[in-house]
Amino acid sequence: MKNLKTNLLSLFLLSLSTFSFAQIEFGVKGGIGLSNTTIVHGVSKERFGFLGGAVAKYQLTTRNENHYLQAEVLYTNQGEYSLYKEGGKKYKAFLNYINIPIMYKYYFDDQGKDFFLEAGPQLGFKVSEKFDDGEPESNNNIPKSFDFAFNIGGGYSINRQIEFNLRYQYGLIDTYDFKKWDNGTNRSSFLTLGITYFFK
């Protein structure tokens with residue numbers, strides 16, 4: 001799995017290096033989000049968290065300014081609060097990731113102010129985890145270090161420099177392993193509201 005992640009990251013960086021940097025716009029992104037994980041901790045509620053990182057946008061055609069490929073490197077707070085109580089305390093499962101979404105982006109117009117849609121796959125690499133206030137399944141559930149998800153969303157652009165977007169992420173693979181008994185297929189979800197600033 002470690003070699004697979006290394007190869008995927010290398011392929012991503014190599015693909016970026018093949019683009020003409022004259023057609024790439026760079027920016028920064030920040031935002032907030034609500035995340036959860038299916039099944040693993042039973043009934044649970046969303047974790048509120050933050051995200052932030054860098055963005056690169058590449059124009060796919062010179063005929064118009066409607067079609068783009070956008071790659072991001074984001075630090076994200078994900079996880080959940082379980083509604084299960086042990087000793088009167090609820091527990092939390094917090095997972096933080098470096099996510100690399102690669103999005104196809106379509107603007108409805110080629111003017112400065114317009115709406116857009118976006119969709120694409122995402123690679124996720126867990127960088128930290130934290131379990132507090134008891135964890136009744138600690139002897140079984142093990143968060144995996146890699147997640148693969150699909151994103152879909154939309155937003156509004158102001159002069160192609162400041163952009164607001166709403167995006168939903170849904171995990172395509174199981175994000176938890178188990179020691180003793182099968183804990184089902186645990187998929188991540190992440191609903192985010194972000195703002196991006198492109199350098200001109």
# chains A, B, ... in the order shown; residues from 1 in each chain; ligands from 1
call {"tool": "closest_atom_pairs", "arguments": {"of": "range 86-186 of chain A", "to": "range 59-78 of chain A", "cutoff": "10 Å", "atoms": "only C-alpha atoms", "output": "Markdown table"}}
result
| residue | atom | partner | partner_atom | distance |
| --- | --- | --- | --- | --- |
| A:Ala93 | CA | A:Gln78 | CA | 8.7 |
| A:Phe94 | CA | A:Gln78 | CA | 6.1 |
| A:Leu95 | CA | A:Gln78 | CA | 5.1 |
| A:Asn96 | CA | A:Asn77 | CA | 4.7 |
| A:Tyr97 | CA | A:Thr76 | CA | 5.3 |
| A:Ile98 | CA | A:Tyr75 | CA | 4.7 |
| A:Asn99 | CA | A:Leu74 | CA | 5.1 |
| A:Ile100 | CA | A:Val73 | CA | 4.8 |
| A:Pro101 | CA | A:Glu72 | CA | 5.5 |
| A:Ile102 | CA | A:Ala71 | CA | 4.5 |
| A:Met103 | CA | A:Gln70 | CA | 5.0 |
| A:Tyr104 | CA | A:Leu69 | CA | 4.8 |
| A:Lys105 | CA | A:Tyr68 | CA | 5.0 |
| A:Tyr106 | CA | A:His67 | CA | 5.0 |
| A:Tyr107 | CA | A:Asn66 | CA | 4.7 |
| A:Phe108 | CA | A:Asn66 | CA | 6.7 |
| A:Asp109 | CA | A:Asn66 | CA | 6.4 |
| A:Asp110 | CA | A:Glu65 | CA | 5.1 |
| A:Gln111 | CA | A:Glu65 | CA | 8.1 |
| A:Gly112 | CA | A:Glu65 | CA | 9.8 |
| A:Phe116 | CA | A:Asn66 | CA | 8.8 |
| A:Glu118 | CA | A:Gln70 | CA | 9.0 |
| A:Ala119 | CA | A:Gln70 | CA | 9.8 |
| A:Gly120 | CA | A:Gln70 | CA | 9.3 |
| A:Gln122 | CA | A:Glu72 | CA | 9.3 |
| A:Leu123 | CA | A:Val73 | CA | 9.7 |
| A:Gly124 | CA | A:Leu74 | CA | 9.4 |
| A:Phe125 | CA | A:Tyr75 | CA | 9.6 |
| A:Lys126 | CA | A:Thr76 | CA | 9.6 |
| A:Val127 | CA | A:Tyr75 | CA | 9.1 |
| A:Ser128 | CA | A:Asn77 | CA | 9.7 |
| A:Glu129 | CA | A:Gln78 | CA | 9.5 |
call {"tool": "residues_around", "arguments": {"residues": "range 176-182 of chain A", "least_positions_apart": "2", "cutoff": "10 Å", "atoms": "only C-alpha atoms", "output": "ChimeraX atom specification"}}
result
/A:37,40,137-147,173-174,184-188
call {"tool": "write_last_selection", "arguments": {"atoms": "N, CA, C and O atoms", "output": "short mmCIF file (atom, residue, chain, number, x, y, z; two decimals), in the first residue's frame"}}
result
data_model
loop_
_atom_site.label_atom_id
_atom_site.label_comp_id
_atom_site.auth_asym_id
_atom_site.auth_seq_id
_atom_site.Cartn_x
_atom_site.Cartn_y
_atom_site.Cartn_z
N THR A 37 -18.48 9.33 8.89
CA THR A 37 -18.07 8.03 8.37
C THR A 37 -19.22 7.05 8.60
O THR A 37 -19.81 7.03 9.67
N VAL A 40 -18.98 2.54 11.05
CA VAL A 40 -17.93 2.06 11.95
C VAL A 40 -18.22 2.33 13.43
O VAL A 40 -17.99 1.48 14.28
N GLU A 137 -14.59 0.50 20.79
CA GLU A 137 -14.17 -0.41 19.73
C GLU A 137 -12.68 -0.27 19.41
O GLU A 137 -12.23 -0.64 18.33
N SER A 138 -11.91 0.26 20.35
CA SER A 138 -10.48 0.52 20.09
C SER A 138 -9.70 -0.76 19.82
O SER A 138 -8.64 -0.73 19.22
N ASN A 139 -10.22 -1.89 20.31
CA ASN A 139 -9.51 -3.16 20.09
C ASN A 139 -9.88 -3.78 18.76
O ASN A 139 -9.50 -4.92 18.47
N ASN A 140 -10.62 -3.06 17.93
CA ASN A 140 -11.02 -3.65 16.66
C ASN A 140 -10.79 -2.71 15.48
O ASN A 140 -10.23 -3.12 14.48
N ASN A 141 -11.24 -1.47 15.55
CA ASN A 141 -11.23 -0.56 14.40
C ASN A 141 -9.90 0.16 14.25
O ASN A 141 -9.40 0.77 15.18
N ILE A 142 -9.35 0.10 13.03
CA ILE A 142 -8.07 0.73 12.73
C ILE A 142 -8.23 1.62 11.50
O ILE A 142 -8.50 1.11 10.41
N PRO A 143 -8.08 2.94 11.64
CA PRO A 143 -8.20 3.81 10.46
C PRO A 143 -7.08 3.53 9.46
O PRO A 143 -5.91 3.42 9.83
N LYS A 144 -7.43 3.38 8.20
CA LYS A 144 -6.43 3.18 7.16
C LYS A 144 -5.74 4.50 6.83
O LYS A 144 -6.28 5.57 7.06
N SER A 145 -4.57 4.40 6.25
CA SER A 145 -3.78 5.60 5.96
C SER A 145 -4.12 6.23 4.61
O SER A 145 -3.61 7.31 4.29
N PHE A 146 -5.00 5.57 3.83
CA PHE A 146 -5.30 6.07 2.49
C PHE A 146 -6.80 6.04 2.25
O PHE A 146 -7.51 5.12 2.67
N ASP A 147 -7.30 7.07 1.57
CA ASP A 147 -8.71 7.13 1.19
C ASP A 147 -8.79 7.56 -0.28
O ASP A 147 -7.95 8.33 -0.76
N ILE A 173 -13.83 3.75 -1.07
CA ILE A 173 -13.22 2.55 -0.49
C ILE A 173 -13.46 2.56 1.02
O ILE A 173 -13.85 3.56 1.61
N ASP A 174 -13.20 1.41 1.64
CA ASP A 174 -13.33 1.25 3.08
C ASP A 174 -12.18 1.98 3.78
O ASP A 174 -11.02 1.73 3.48
N GLY A 184 -17.76 -3.83 8.61
CA GLY A 184 -18.49 -3.34 7.45
C GLY A 184 -17.63 -2.47 6.55
O GLY A 184 -16.41 -2.36 6.72
N THR A 185 -18.28 -1.86 5.58
CA THR A 185 -17.59 -0.96 4.65
C THR A 185 -17.84 0.47 5.10
O THR A 185 -18.97 0.96 5.05
N ASN A 186 -16.79 1.14 5.55
CA ASN A 186 -16.90 2.46 6.16
C ASN A 186 -16.43 3.54 5.20
O ASN A 186 -15.23 3.68 4.93
N ARG A 187 -17.37 4.28 4.66
CA ARG A 187 -17.06 5.29 3.65
C ARG A 187 -17.09 6.68 4.25
O ARG A 187 -17.97 7.01 5.05
N SER A 188 -16.15 7.50 3.84
CA SER A 188 -16.08 8.87 4.33
C SER A 188 -17.03 9.76 3.55
O SER A 188 -17.36 9.49 2.39
#
call {"tool": "select_by_dssp", "arguments": {"residues": "chain A", "states": "helix (DSSP H, G or I)", "output": "ChimeraX atom specification"}}
result
/A:2-17,21-23
call {"tool": "write_last_selection", "arguments": {"atoms": "N, CA and C atoms", "output": "PDB file, in the first residue's frame"}}
result
ATOM      1  N   LYS A   2       2.010   1.206   0.744  1.00  0.00           N
ATOM      2  CA  LYS A   2       2.897   2.362   0.790  1.00  0.00           C
ATOM      3  C   LYS A   2       3.465   2.658  -0.590  1.00  0.00           C
ATOM      4  N   ASN A   3       3.869   1.593  -1.318  1.00  0.00           N
ATOM      5  CA  ASN A   3       4.401   1.782  -2.673  1.00  0.00           C
ATOM      6  C   ASN A   3       3.335   2.327  -3.609  1.00  0.00           C
ATOM      7  N   LEU A   4       2.087   1.857  -3.437  1.00  0.00           N
ATOM      8  CA  LEU A   4       0.990   2.336  -4.283  1.00  0.00           C
ATOM      9  C   LEU A   4       0.775   3.826  -4.082  1.00  0.00           C
ATOM     10  N   LYS A   5       0.772   4.275  -2.825  1.00  0.00           N
ATOM     11  CA  LYS A   5       0.575   5.701  -2.543  1.00  0.00           C
ATOM     12  C   LYS A   5       1.713   6.536  -3.111  1.00  0.00           C
ATOM     13  N   THR A   6       2.936   6.020  -2.988  1.00  0.00           N
ATOM     14  CA  THR A   6       4.091   6.739  -3.520  1.00  0.00           C
ATOM     15  C   THR A   6       4.006   6.861  -5.036  1.00  0.00           C
ATOM     16  N   ASN A   7       3.588   5.770  -5.699  1.00  0.00           N
ATOM     17  CA  ASN A   7       3.473   5.791  -7.158  1.00  0.00           C
ATOM     18  C   ASN A   7       2.368   6.729  -7.617  1.00  0.00           C
ATOM     19  N   LEU A   8       1.232   6.745  -6.906  1.00  0.00           N
ATOM     20  CA  LEU A   8       0.126   7.629  -7.271  1.00  0.00           C
ATOM     21  C   LEU A   8       0.519   9.093  -7.119  1.00  0.00           C
ATOM     22  N   LEU A   9       1.203   9.405  -6.026  1.00  0.00           N
ATOM     23  CA  LEU A   9       1.646  10.784  -5.801  1.00  0.00           C
ATOM     24  C   LEU A   9       2.665  11.193  -6.851  1.00  0.00           C
ATOM     25  N   SER A  10       3.592  10.293  -7.198  1.00  0.00           N
ATOM     26  CA  SER A  10       4.592  10.594  -8.226  1.00  0.00           C
ATOM     27  C   SER A  10       3.935  10.830  -9.572  1.00  0.00           C
ATOM     28  N   LEU A  11       2.907  10.017  -9.898  1.00  0.00           N
ATOM     29  CA  LEU A  11       2.187  10.176 -11.155  1.00  0.00           C
ATOM     30  C   LEU A  11       1.462  11.505 -11.204  1.00  0.00           C
ATOM     31  N   PHE A  12       0.883  11.908 -10.089  1.00  0.00           N
ATOM     32  CA  PHE A  12       0.193  13.193 -10.011  1.00  0.00           C
ATOM     33  C   PHE A  12       1.167  14.350 -10.247  1.00  0.00           C
ATOM     34  N   LEU A  13       2.319  14.316  -9.591  1.00  0.00           N
ATOM     35  CA  LEU A  13       3.307  15.388  -9.742  1.00  0.00           C
ATOM     36  C   LEU A  13       3.878  15.412 -11.155  1.00  0.00           C
ATOM     37  N   LEU A  14       4.066  14.227 -11.738  1.00  0.00           N
ATOM     38  CA  LEU A  14       4.594  14.152 -13.106  1.00  0.00           C
ATOM     39  C   LEU A  14       3.589  14.736 -14.092  1.00  0.00           C
ATOM     40  N   SER A  15       2.297  14.454 -13.877  1.00  0.00           N
ATOM     41  CA  SER A  15       1.277  14.983 -14.788  1.00  0.00           C
ATOM     42  C   SER A  15       1.225  16.496 -14.726  1.00  0.00           C
ATOM     43  N   LEU A  16       1.426  17.048 -13.537  1.00  0.00           N
ATOM     44  CA  LEU A  16       1.448  18.510 -13.431  1.00  0.00           C
ATOM     45  C   LEU A  16       2.631  19.104 -14.171  1.00  0.00           C
ATOM     46  N   SER A  17       3.772  18.397 -14.134  1.00  0.00           N
ATOM     47  CA  SER A  17       4.981  18.929 -14.763  1.00  0.00           C
ATOM     48  C   SER A  17       4.878  18.969 -16.284  1.00  0.00           C
ATOM     49  N   PHE A  21       3.329  25.878 -17.911  1.00  0.00           N
ATOM     50  CA  PHE A  21       3.100  26.691 -16.727  1.00  0.00           C
ATOM     51  C   PHE A  21       2.576  28.078 -17.086  1.00  0.00           C
ATOM     52  N   ALA A  22       2.698  28.475 -18.340  1.00  0.00           N
ATOM     53  CA  ALA A  22       2.151  29.760 -18.752  1.00  0.00           C
ATOM     54  C   ALA A  22       0.633  29.755 -18.704  1.00  0.00           C
ATOM     55  N   GLN A  23       0.019  28.573 -18.758  1.00  0.00           N
ATOM     56  CA  GLN A  23      -1.432  28.454 -18.748  1.00  0.00           C
ATOM     57  C   GLN A  23      -1.980  28.026 -17.392  1.00  0.00           C
TER      58      GLN A  23
END
call {"tool": "closest_residue", "arguments": {"among": "A:Ile32, A:Ile195, A:Leu117, A:Ile39", "to": "Gln161 in chain A", "atoms": "only C-alpha atoms"}}
result
A:Ile195
call {"tool": "atom_distance", "arguments": {"atom1": "CA of Asp114 in chain A", "atom2": "CA of Gly30 in chain A"}}
result
20.3 Å
call {"tool": "closest_residue", "arguments": {"among": "A:Tyr170, A:Phe115, A:Tyr81, A:Phe26", "to": "Ser44 in chain A", "atoms": "only C-alpha atoms"}}
result
A:Tyr81
call {"tool": "atom_distance", "arguments": {"atom1": "CA of Glu80 in chain A", "atom2": "CA of Gly194 in chain A"}}
result
20.0 Å
call {"tool": "closest_residue", "arguments": {"among": "A:Asn165, A:Thr196, A:Ser189, A:Thr175", "to": "Arg47 in chain A", "atoms": "only C-alpha atoms"}}
result
A:Ser189
call {"tool": "closest_residue", "arguments": {"among": "A:Val28, A:Val43, A:Leu83, A:Leu172", "to": "Asn151 in chain A", "atoms": "only C-alpha atoms"}}
result
A:Leu172
call {"tool": "select_by_dssp", "arguments": {"residues": "range 11-178 of chain A", "states": "strand (DSSP E)", "output": "PyMOL selection string"}}
result
chain A and resi 24-37+44-59+67-86+89-107+113-132+141-143+146-158+162-171+176-178
call {"tool": "atom_distance", "arguments": {"atom1": "CA of Lys200 in chain A", "atom2": "CA of Pro121 in chain A"}}
result
27.0 Å
call {"tool": "closest_residue", "arguments": {"among": "A:Phe199, A:Tyr91, A:Phe131, A:Phe190", "to": "Glu46 in chain A", "atoms": "only C-alpha atoms"}}
result
A:Phe190
